[in-house]
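Containing mmCIF, C-alpha atoms: input.cif.
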data_run
loop_
_atom_site.group_PDB
_atom_site.id
_atom_site.type_symbol
_atom_site.label_atom_id
_atom_site.label_comp_id
_atom_site.auth_asym_id
_atom_site.auth_seq_id
_atom_site.Cartn_x
_atom_site.Cartn_y
_atom_site.Cartn_z
ATOM 1 C CA MET A 22 159.111 165.690 149.485
ATOM 2 C CA ILE A 23 156.809 166.074 152.447
ATOM 3 C CA GLY A 24 154.605 169.113 152.948
ATOM 4 C CA LEU A 25 151.703 170.925 151.372
ATOM 5 C CA LYS A 26 150.424 174.480 151.352
ATOM 6 C CA ARG A 27 147.502 174.977 153.736
ATOM 7 C CA GLY A 28 144.091 174.770 152.120
ATOM 8 C CA THR A 29 145.322 173.100 148.934
ATOM 9 C CA VAL A 30 145.001 169.540 147.689
ATOM 10 C CA LYS A 31 147.723 167.771 145.755
ATOM 11 C CA LEU A 32 147.942 164.001 145.660
ATOM 12 C CA VAL A 33 151.131 162.129 144.886
ATOM 13 C CA PRO A 34 151.835 158.404 144.477
ATOM 14 C CA HIS A 35 152.731 156.471 147.609
ATOM 15 C CA GLN A 36 156.292 157.058 148.848
ATOM 16 C CA GLN A 37 158.296 154.674 151.049
ATOM 17 C CA GLU A 38 159.885 157.795 152.550
ATOM 18 C CA TRP A 39 156.582 158.519 154.317
ATOM 19 C CA HIS A 40 156.939 155.427 156.516
ATOM 20 C CA VAL A 41 160.543 156.217 157.390
ATOM 21 C CA ASN A 42 159.604 159.798 158.219
ATOM 22 C CA ALA A 43 156.643 158.655 160.327
ATOM 23 C CA GLU A 44 158.852 156.229 162.285
ATOM 24 C CA ASN A 45 161.276 159.079 163.045
ATOM 25 C CA ILE A 46 158.480 161.383 164.221
ATOM 26 C CA ILE A 47 156.994 158.595 166.335
ATOM 27 C CA ARG A 48 160.359 158.087 168.077
ATOM 28 C CA ILE A 49 160.597 161.835 168.742
ATOM 29 C CA LEU A 50 157.039 161.937 170.103
ATOM 30 C CA TYR A 51 157.674 159.002 172.463
ATOM 31 C CA ARG A 52 160.771 160.806 173.743
ATOM 32 C CA LEU A 53 158.931 164.119 174.219
ATOM 33 C CA LEU A 54 155.699 162.689 175.641
ATOM 34 C CA GLY A 55 157.133 159.956 177.841
ATOM 35 C CA GLY A 56 154.444 157.919 179.547
ATOM 36 C CA THR A 57 151.693 160.305 178.430
ATOM 37 C CA ALA A 58 151.431 158.463 175.091
ATOM 38 C CA VAL A 59 149.797 155.042 175.403
ATOM 39 C CA ASP A 60 150.420 154.307 171.714
ATOM 40 C CA ILE A 61 151.525 156.229 168.628
ATOM 41 C CA GLN A 62 150.707 155.109 165.078
ATOM 42 C CA HIS A 63 151.216 156.304 161.500
ATOM 43 C CA VAL A 64 147.693 156.729 160.088
ATOM 44 C CA GLY A 65 145.922 158.421 157.214
ATOM 45 C CA SER A 66 146.491 158.007 153.510
ATOM 46 C CA THR A 67 150.286 158.126 153.727
ATOM 47 C CA ALA A 68 150.042 154.920 155.809
ATOM 48 C CA ILE A 69 148.072 153.104 153.095
ATOM 49 C CA PHE A 70 150.508 151.422 150.737
ATOM 50 C CA SER A 71 148.634 151.456 147.431
ATOM 51 C CA ILE A 72 147.016 154.892 147.197
ATOM 52 C CA HIS A 73 147.835 158.478 146.362
ATOM 53 C CA ALA A 74 147.992 160.894 149.280
ATOM 54 C CA LYS A 75 148.572 164.480 150.205
ATOM 55 C CA PRO A 76 152.237 164.580 151.271
ATOM 56 C CA ILE A 77 151.348 165.316 154.897
ATOM 57 C CA ILE A 78 152.143 162.636 157.469
ATOM 58 C CA ASP A 79 149.312 161.899 159.900
ATOM 59 C CA ILE A 80 150.234 160.506 163.297
ATOM 60 C CA ALA A 81 147.685 159.417 165.911
ATOM 61 C CA VAL A 82 148.708 159.595 169.560
ATOM 62 C CA ALA A 83 146.558 157.750 172.075
ATOM 63 C CA VAL A 84 146.319 159.098 175.626
ATOM 64 C CA TYR A 85 144.134 158.023 178.534
ATOM 65 C CA ASP A 86 142.599 161.501 178.811
ATOM 66 C CA LEU A 87 142.957 164.463 176.438
ATOM 67 C CA ASP A 88 143.933 166.692 179.364
ATOM 68 C CA ASP A 89 147.003 164.472 179.862
ATOM 69 C CA ILE A 90 148.639 166.150 176.869
ATOM 70 C CA LEU A 91 148.294 169.715 178.184
ATOM 71 C CA PRO A 92 151.464 169.632 180.346
ATOM 72 C CA CYS A 93 153.377 168.611 177.180
ATOM 73 C CA VAL A 94 152.247 171.531 174.994
ATOM 74 C CA GLU A 95 155.270 173.693 175.837
ATOM 75 C CA VAL A 96 157.888 170.987 175.262
ATOM 76 C CA LEU A 97 156.224 170.119 171.956
ATOM 77 C CA LYS A 98 156.256 173.807 170.971
ATOM 78 C CA GLN A 99 159.962 173.998 171.806
ATOM 79 C CA ASN A 100 160.414 171.173 169.282
ATOM 80 C CA ASN A 101 158.415 172.957 166.552
ATOM 81 C CA ILE A 102 155.230 170.970 167.140
ATOM 82 C CA VAL A 103 152.471 173.557 167.436
ATOM 83 C CA PHE A 104 149.173 173.100 169.263
ATOM 84 C CA ARG A 105 146.159 174.039 167.097
ATOM 85 C CA GLY A 106 143.402 173.064 169.525
ATOM 86 C CA GLU A 107 140.322 170.886 169.367
ATOM 87 C CA ILE A 108 139.521 171.239 165.666
ATOM 88 C CA ILE A 109 137.370 168.078 165.688
ATOM 89 C CA PRO A 110 135.386 167.153 168.831
ATOM 90 C CA GLY A 111 137.271 164.526 170.842
ATOM 91 C CA GLU A 112 140.598 165.216 169.130
ATOM 92 C CA LEU A 113 143.407 167.683 169.742
ATOM 93 C CA LEU A 114 145.527 168.705 166.772
ATOM 94 C CA PHE A 115 149.209 169.577 166.666
ATOM 95 C CA VAL A 116 151.037 170.452 163.442
ATOM 96 C CA ILE A 117 154.589 170.522 162.195
ATOM 97 C CA GLY A 118 155.454 173.036 159.538
ATOM 98 C CA ASN A 119 155.242 176.769 159.170
ATOM 99 C CA SER A 120 152.319 179.137 158.728
ATOM 100 C CA ASP A 121 152.032 178.245 155.040
ATOM 101 C CA ILE A 122 153.316 174.658 154.612
ATOM 102 C CA ARG A 123 152.257 171.748 156.815
ATOM 103 C CA THR A 124 154.331 168.556 156.896
ATOM 104 C CA HIS A 125 152.679 166.624 159.739
ATOM 105 C CA HIS A 126 149.341 166.482 161.515
ATOM 106 C CA ILE A 127 149.478 164.943 164.975
ATOM 107 C CA HIS A 128 146.084 163.846 166.237
ATOM 108 C CA ILE A 129 145.727 163.361 169.994
ATOM 109 C CA VAL A 130 142.803 161.071 170.845
ATOM 110 C CA LYS A 131 141.688 158.953 173.759
ATOM 111 C CA TRP A 132 143.040 155.428 173.855
ATOM 112 C CA ASN A 133 140.573 152.851 172.545
ATOM 113 C CA SER A 134 138.054 155.584 171.653
ATOM 114 C CA VAL A 135 135.983 155.594 168.476
ATOM 115 C CA GLU A 136 138.451 158.105 167.009
ATOM 116 C CA TRP A 137 141.490 155.935 167.794
ATOM 117 C CA ASN A 138 139.844 152.767 166.522
ATOM 118 C CA ASN A 139 138.690 154.525 163.346
ATOM 119 C CA TYR A 140 142.239 155.634 162.532
ATOM 120 C CA ILE A 141 143.672 152.152 163.060
ATOM 121 C CA ASN A 142 140.820 150.184 161.494
ATOM 122 C CA PHE A 143 140.654 152.373 158.378
ATOM 123 C CA ARG A 144 144.390 152.039 157.732
ATOM 124 C CA ASP A 145 144.496 148.306 158.372
ATOM 125 C CA TYR A 146 141.326 147.586 156.395
ATOM 126 C CA LEU A 147 142.488 149.437 153.283
ATOM 127 C CA ASN A 148 145.951 147.876 153.480
ATOM 128 C CA THR A 149 144.340 144.422 153.706
ATOM 129 C CA HIS A 150 141.650 145.030 151.044
ATOM 130 C CA PRO A 151 143.306 146.562 147.967
ATOM 131 C CA GLU A 152 140.011 146.705 146.046
ATOM 132 C CA LYS A 153 138.611 149.019 148.736
ATOM 133 C CA ALA A 154 141.804 151.090 148.681
ATOM 134 C CA ILE A 155 141.436 151.515 144.902
ATOM 135 C CA LEU A 156 137.832 152.651 145.318
ATOM 136 C CA TYR A 157 138.929 155.246 147.879
ATOM 137 C CA ASP A 158 141.919 156.302 145.766
ATOM 138 C CA GLU A 159 139.789 156.849 142.666
ATOM 139 C CA LEU A 160 137.411 159.110 144.569
ATOM 140 C CA LYS A 161 140.291 161.042 146.133
ATOM 141 C CA GLN A 162 141.918 161.661 142.756
ATOM 142 C CA LYS A 163 138.643 162.844 141.207
ATOM 143 C CA LEU A 164 137.998 165.215 144.122
ATOM 144 C CA ALA A 165 141.602 166.481 144.121
ATOM 145 C CA GLN A 166 141.248 167.536 140.483
ATOM 146 C CA GLN A 167 137.937 169.208 141.200
ATOM 147 C CA PHE A 168 138.945 170.932 144.470
ATOM 148 C CA SER A 169 142.710 171.535 144.234
ATOM 149 C CA ASN A 170 142.381 174.858 146.087
ATOM 150 C CA ASP A 171 139.509 173.962 148.378
ATOM 151 C CA ARG A 172 140.499 171.373 150.958
ATOM 152 C CA LYS A 173 137.206 171.675 152.848
ATOM 153 C CA SER A 174 135.194 170.641 149.777
ATOM 154 C CA TYR A 175 137.693 167.866 149.014
ATOM 155 C CA THR A 176 137.300 166.510 152.542
ATOM 156 C CA ALA A 177 133.494 166.849 152.452
ATOM 157 C CA GLY A 178 133.405 164.917 149.183
ATOM 158 C CA LYS A 179 135.111 161.924 150.820
ATOM 159 C CA ARG A 180 132.875 161.848 153.894
ATOM 160 C CA GLU A 181 130.209 159.410 152.642
ATOM 161 C CA LEU A 182 132.676 156.822 151.327
ATOM 162 C CA ILE A 183 134.835 157.114 154.430
ATOM 163 C CA GLY A 184 131.757 156.447 156.573
ATOM 164 C CA GLN A 185 130.952 153.366 154.534
ATOM 165 C CA LEU A 186 134.554 152.101 154.683
ATOM 166 C CA LEU A 187 134.753 152.752 158.427
ATOM 167 C CA ALA A 188 131.621 150.647 158.988
ATOM 168 C CA GLU A 189 133.115 147.849 156.884
ATOM 169 C CA ALA A 190 136.440 148.170 158.706
ATOM 170 C CA LYS A 191 134.753 147.938 162.107
ATOM 171 C CA ASN A 192 132.901 144.778 161.077
ATOM 172 C CA TRP A 193 136.082 143.336 159.577
ATOM 173 C CA ARG A 194 138.042 144.059 162.772
ATOM 174 C CA THR A 195 135.331 142.458 164.926
ATOM 175 C CA VAL A 196 135.262 139.302 162.807
ATOM 176 C CA LYS A 197 139.063 139.219 162.643
ATOM 177 C CA VAL A 198 139.389 139.486 166.427
ATOM 178 C CA ASP A 199 136.748 136.757 166.928
ATOM 179 C CA PHE A 200 138.797 134.349 164.819
ATOM 180 C CA GLU A 201 142.178 135.089 166.410
#

Would you mind giving the structure from this file in structure tokens?
Amino acid sequence: MIGLKRGTVKLVPHQQEWHVNAENIIRILYRLLGGTAVDIQHVGSTAIFSIHAKPIIDIAVAVYDLDDILPCVEVLKQNNIVFRGEIIPGELLFVIGNSDIRTHHIHIVKWNSVEWNNYINFRDYLNTHPEKAILYDELKQKLAQQFSNDRKSYTAGKRELIGQLLAEAKNWRTVKVDFE
């Protein structure tokens, strides 16, 4: 099952269904956004094969300029994809779900920006380095038990490790690209 009550934290083991669902949403987004989307990727914990995750699918959509998405807001709304605004600086958020249960978070970011690269690098790094994924997973599970009804505290508790892993992922990506 996909979806989680707003503000809560519940982690479940990785599900293959998440990738199938993400692929379907990505196809829909390409159809609705046309040439506005430079790239669309499944990101977040549901895109990392070996870890527990909240059953909410995160999708990152790269655009050349955040304003490029504004003409698409109405067509997305007509397809039950609701604009939530700029919750994080440099990122626009859309959600799928109802007022209580969220199934998908769609993050609109600038192509090749720090935000875009962080989403991609984090996913790829943890999928390539299972020992790092386990480290992240263990912290997530501990925090989920501690903050099951406080998503803000859960997220804040991950911030330091995510920063460390993002720095490692950036270095890994740079070295990887140099050797390709």

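Comparing the minimum interatomic distances between A:Pro34 and each of A:Val84, A:Asp158, A:Lys131, A:Leu113, counting all atoms listed in the file, we find that A:Asp158 sits nearest.
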
**OP:** Just give me the residues with any atom within 12 Å of (144.0, 148.9, 152.2), file coordinates, counting all atoms listed in the file, written as JSON, numbers by chain.
**Re:** {"A": [64, 65, 66, 67, 68, 69, 70, 71, 72, 73, 141, 142, 143, 144, 145, 146, 147, 148, 149, 150, 151, 152, 153, 154, 155, 156, 157, 158, 186, 187, 189, 190]}

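Distance check against A:Asn100 using all atoms listed in the file: of A:Gly184, A:Pro76, A:Gly55, A:Gly118, the minimum falls on A:Gly118.
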
**OP:** List the neighbours of A:Ile23 out to 12 Å using all atoms listed in the file; skip same-chain residues closer than 6 positions along the sequence, and give me the result as a VMD selection string.
**Re:** chain A and resid 31 to 33 35 to 43 67 74 to 79 117 to 118 122 to 126

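For the atom pair formed by atom CA of A:Ile183 and atom CA of A:Ala81, the distance is 17.4 Å, given to one decimal.
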
Subject >> Two-atom distance - atom CA of A:Phe168, atom CA of A:Lys191 (Å) >> reply: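 Interatomic distance, atom CA of A:Phe168 to atom CA of A:Lys191: 29.3 Å.
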
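Our summary of the geometry notes that atom CA of A:Leu53 is positioned 10.4 Å from atom CA of A:Glu95.
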
**OP:** Write out as an NGL selection string the residues lying within 12 Å of A:Asp88, counting all atoms listed in the file and excluding same-chain residues fewer than 3 positions away.
**Re:** :A and (57-58 or 83-85 or 91-94 or 106-107 or 111-113 or 129-131)

Written selection (C-alpha atoms) as a PDB file, keeping the file's coordinate frame:
ATOM      1  CA  THR A  57     151.693 160.305 178.430  1.00  0.00           C
ATOM      2  CA  ALA A  58     151.431 158.463 175.091  1.00  0.00           C
ATOM      3  CA  ALA A  83     146.558 157.750 172.075  1.00  0.00           C
ATOM      4  CA  VAL A  84     146.319 159.098 175.626  1.00  0.00           C
ATOM      5  CA  TYR A  85     144.134 158.023 178.534  1.00  0.00           C
ATOM      6  CA  LEU A  91     148.294 169.715 178.184  1.00  0.00           C
ATOM      7  CA  PRO A  92     151.464 169.632 180.346  1.00  0.00           C
ATOM      8  CA  CYS A  93     153.377 168.611 177.180  1.00  0.00           C
ATOM      9  CA  VAL A  94     152.247 171.531 174.994  1.00  0.00           C
ATOM     10  CA  GLY A 106     143.402 173.064 169.525  1.00  0.00           C
ATOM     11  CA  GLU A 107     140.322 170.886 169.367  1.00  0.00           C
ATOM     12  CA  GLY A 111     137.271 164.526 170.842  1.00  0.00           C
ATOM     13  CA  GLU A 112     140.598 165.216 169.130  1.00  0.00           C
ATOM     14  CA  LEU A 113     143.407 167.683 169.742  1.00  0.00           C
ATOM     15  CA  ILE A 129     145.727 163.361 169.994  1.00  0.00           C
ATOM     16  CA  VAL A 130     142.803 161.071 170.845  1.00  0.00           C
ATOM     17  CA  LYS A 131     141.688 158.953 173.759  1.00  0.00           C
TER      18      LYS A 131
END

Let me have the centre and edge lengths of the axis-aligned box enclosing all listed atoms of stretch 126-145 of chain A with 3 Å padding on every side, in Å to one decimal, as JSON.
{"center_x": 142.7, "center_y": 157.4, "center_z": 165.8, "size_x": 19.5, "size_y": 24.2, "size_z": 22.1}

Subject >> Hits of the PyMOL selection byres ((chain A and resi 169-174) around 12) in this structure, as a PyMOL selection string >> reply: chain A and resi 25-32+75+161-168+175-180

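Run against this file, the PyMOL selection byres ((chain A and resi 49) around 12) gives back Asn42, Ala43, Glu44, Asn45, Ile46, Ile47, Arg48, Leu50, Tyr51, Arg52, Leu53, Leu54, Gly55, Ala58, Ile61, Ile80, Val96, Leu97, Asn100, Asn101 and Ile102 of chain A.
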
Subject >> Nearest candidate to A:Asn119 (options A:Trp132, A:Val103, A:Asn138, A:Glu159; using all atoms listed in the file) >> reply: A:Val103

Reconstruct all heavy atoms of stretch 32-43 of chain A from the incomplete input and present them as a PDB file, in the frame of the given file.
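Everything below was put into out.pdb:
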ATOM      1  N   LEU A  32     147.680 165.401 145.349  1.00  0.00           N
ATOM      2  CA  LEU A  32     147.942 164.001 145.660  1.00  0.00           C
ATOM      3  C   LEU A  32     149.151 163.530 144.879  1.00  0.00           C
ATOM      4  O   LEU A  32     149.333 163.899 143.713  1.00  0.00           O
ATOM      5  CB  LEU A  32     146.732 163.133 145.298  1.00  0.00           C
ATOM      6  CG  LEU A  32     145.418 163.477 145.991  1.00  0.00           C
ATOM      7  CD1 LEU A  32     144.326 162.527 145.520  1.00  0.00           C
ATOM      8  CD2 LEU A  32     145.555 163.438 147.496  1.00  0.00           C
ATOM      9  N   VAL A  33     149.963 162.719 145.539  1.00  0.00           N
ATOM     10  CA  VAL A  33     151.131 162.129 144.886  1.00  0.00           C
ATOM     11  C   VAL A  33     151.114 160.626 145.128  1.00  0.00           C
ATOM     12  O   VAL A  33     150.503 160.151 146.096  1.00  0.00           O
ATOM     13  CB  VAL A  33     152.451 162.764 145.391  1.00  0.00           C
ATOM     14  CG1 VAL A  33     152.497 164.249 145.063  1.00  0.00           C
ATOM     15  CG2 VAL A  33     152.631 162.560 146.879  1.00  0.00           C
ATOM     16  N   PRO A  34     151.773 159.853 144.259  1.00  0.00           N
ATOM     17  CA  PRO A  34     151.835 158.404 144.477  1.00  0.00           C
ATOM     18  C   PRO A  34     152.507 158.079 145.807  1.00  0.00           C
ATOM     19  O   PRO A  34     153.321 158.850 146.319  1.00  0.00           O
ATOM     20  CB  PRO A  34     152.674 157.891 143.298  1.00  0.00           C
ATOM     21  CG  PRO A  34     152.574 158.952 142.258  1.00  0.00           C
ATOM     22  CD  PRO A  34     152.433 160.250 143.016  1.00  0.00           C
ATOM     23  N   HIS A  35     152.173 156.919 146.332  1.00  0.00           N
ATOM     24  CA  HIS A  35     152.731 156.471 147.609  1.00  0.00           C
ATOM     25  C   HIS A  35     154.261 156.511 147.595  1.00  0.00           C
ATOM     26  O   HIS A  35     154.876 156.127 146.602  1.00  0.00           O
ATOM     27  CB  HIS A  35     152.249 155.053 147.912  1.00  0.00           C
ATOM     28  CG  HIS A  35     152.670 154.591 149.263  1.00  0.00           C
ATOM     29  ND1 HIS A  35     151.977 154.933 150.390  1.00  0.00           N
ATOM     30  CD2 HIS A  35     153.739 153.860 149.669  1.00  0.00           C
ATOM     31  CE1 HIS A  35     152.589 154.417 151.443  1.00  0.00           C
ATOM     32  NE2 HIS A  35     153.653 153.766 151.028  1.00  0.00           N
ATOM     33  N   GLN A  36     154.830 156.954 148.707  1.00  0.00           N
ATOM     34  CA  GLN A  36     156.292 157.058 148.848  1.00  0.00           C
ATOM     35  C   GLN A  36     156.750 156.268 150.067  1.00  0.00           C
ATOM     36  O   GLN A  36     156.211 156.467 151.164  1.00  0.00           O
ATOM     37  CB  GLN A  36     156.705 158.527 149.043  1.00  0.00           C
ATOM     38  CG  GLN A  36     156.169 159.493 148.007  1.00  0.00           C
ATOM     39  CD  GLN A  36     156.820 159.311 146.665  1.00  0.00           C
ATOM     40  OE1 GLN A  36     158.042 159.241 146.569  1.00  0.00           O
ATOM     41  NE2 GLN A  36     156.010 159.203 145.628  1.00  0.00           N
ATOM     42  N   GLN A  37     157.743 155.424 149.910  1.00  0.00           N
ATOM     43  CA  GLN A  37     158.296 154.674 151.049  1.00  0.00           C
ATOM     44  C   GLN A  37     158.861 155.636 152.100  1.00  0.00           C
ATOM     45  O   GLN A  37     158.824 155.354 153.294  1.00  0.00           O
ATOM     46  CB  GLN A  37     159.367 153.693 150.576  1.00  0.00           C
ATOM     47  CG  GLN A  37     159.904 152.808 151.678  1.00  0.00           C
ATOM     48  CD  GLN A  37     158.821 151.968 152.361  1.00  0.00           C
ATOM     49  OE1 GLN A  37     157.867 151.518 151.741  1.00  0.00           O
ATOM     50  NE2 GLN A  37     158.963 151.762 153.659  1.00  0.00           N
ATOM     51  N   GLU A  38     159.328 156.767 151.660  1.00  0.00           N
ATOM     52  CA  GLU A  38     159.885 157.795 152.550  1.00  0.00           C
ATOM     53  C   GLU A  38     158.886 158.186 153.637  1.00  0.00           C
ATOM     54  O   GLU A  38     159.273 158.535 154.761  1.00  0.00           O
ATOM     55  CB  GLU A  38     160.263 159.015 151.704  1.00  0.00           C
ATOM     56  CG  GLU A  38     160.462 160.296 152.476  1.00  0.00           C
ATOM     57  CD  GLU A  38     160.479 161.531 151.578  1.00  0.00           C
ATOM     58  OE1 GLU A  38     160.349 161.420 150.347  1.00  0.00           O
ATOM     59  OE2 GLU A  38     160.617 162.615 152.151  1.00  0.00           O
ATOM     60  N   TRP A  39     157.590 158.128 153.331  1.00  0.00           N
ATOM     61  CA  TRP A  39     156.582 158.519 154.317  1.00  0.00           C
ATOM     62  C   TRP A  39     156.653 157.637 155.556  1.00  0.00           C
ATOM     63  O   TRP A  39     156.502 158.116 156.673  1.00  0.00           O
ATOM     64  CB  TRP A  39     155.185 158.445 153.712  1.00  0.00           C
ATOM     65  CG  TRP A  39     154.939 159.426 152.602  1.00  0.00           C
ATOM     66  CD1 TRP A  39     155.620 160.592 152.352  1.00  0.00           C
ATOM     67  CD2 TRP A  39     153.946 159.340 151.595  1.00  0.00           C
ATOM     68  NE1 TRP A  39     155.093 161.216 151.259  1.00  0.00           N
ATOM     69  CE2 TRP A  39     154.062 160.472 150.765  1.00  0.00           C
ATOM     70  CE3 TRP A  39     152.950 158.408 151.310  1.00  0.00           C
ATOM     71  CZ2 TRP A  39     153.235 160.706 149.684  1.00  0.00           C
ATOM     72  CZ3 TRP A  39     152.113 158.641 150.233  1.00  0.00           C
ATOM     73  CH2 TRP A  39     152.256 159.782 149.424  1.00  0.00           C
ATOM     74  N   HIS A  40     156.884 156.348 155.372  1.00  0.00           N
ATOM     75  CA  HIS A  40     156.939 155.427 156.516  1.00  0.00           C
ATOM     76  C   HIS A  40     158.192 155.674 157.350  1.00  0.00           C
ATOM     77  O   HIS A  40     158.134 155.650 158.575  1.00  0.00           O
ATOM     78  CB  HIS A  40     156.861 153.978 156.040  1.00  0.00           C
ATOM     79  CG  HIS A  40     155.595 153.695 155.299  1.00  0.00           C
ATOM     80  ND1 HIS A  40     154.380 153.537 155.943  1.00  0.00           N
ATOM     81  CD2 HIS A  40     155.333 153.602 153.973  1.00  0.00           C
ATOM     82  CE1 HIS A  40     153.435 153.337 155.034  1.00  0.00           C
ATOM     83  NE2 HIS A  40     153.984 153.370 153.833  1.00  0.00           N
ATOM     84  N   VAL A  41     159.292 155.925 156.685  1.00  0.00           N
ATOM     85  CA  VAL A  41     160.543 156.217 157.390  1.00  0.00           C
ATOM     86  C   VAL A  41     160.391 157.508 158.183  1.00  0.00           C
ATOM     87  O   VAL A  41     160.761 157.586 159.362  1.00  0.00           O
ATOM     88  CB  VAL A  41     161.719 156.306 156.390  1.00  0.00           C
ATOM     89  CG1 VAL A  41     162.998 156.760 157.084  1.00  0.00           C
ATOM     90  CG2 VAL A  41     161.920 154.968 155.682  1.00  0.00           C
ATOM     91  N   ASN A  42     159.822 158.524 157.550  1.00  0.00           N
ATOM     92  CA  ASN A  42     159.604 159.798 158.219  1.00  0.00           C
ATOM     93  C   ASN A  42     158.679 159.629 159.422  1.00  0.00           C
ATOM     94  O   ASN A  42     158.943 160.166 160.506  1.00  0.00           O
ATOM     95  CB  ASN A  42     159.029 160.814 157.227  1.00  0.00           C
ATOM     96  CG  ASN A  42     158.868 162.172 157.836  1.00  0.00           C
ATOM     97  OD1 ASN A  42     157.943 162.405 158.604  1.00  0.00           O
ATOM     98  ND2 ASN A  42     159.781 163.074 157.501  1.00  0.00           N
ATOM     99  N   ALA A  43     157.593 158.880 159.227  1.00  0.00           N
ATOM    100  CA  ALA A  43     156.643 158.655 160.327  1.00  0.00           C
ATOM    101  C   ALA A  43     157.321 157.944 161.494  1.00  0.00           C
ATOM    102  O   ALA A  43     157.114 158.314 162.656  1.00  0.00           O
ATOM    103  CB  ALA A  43     155.443 157.851 159.831  1.00  0.00           C
TER     104      ALA A  43
END
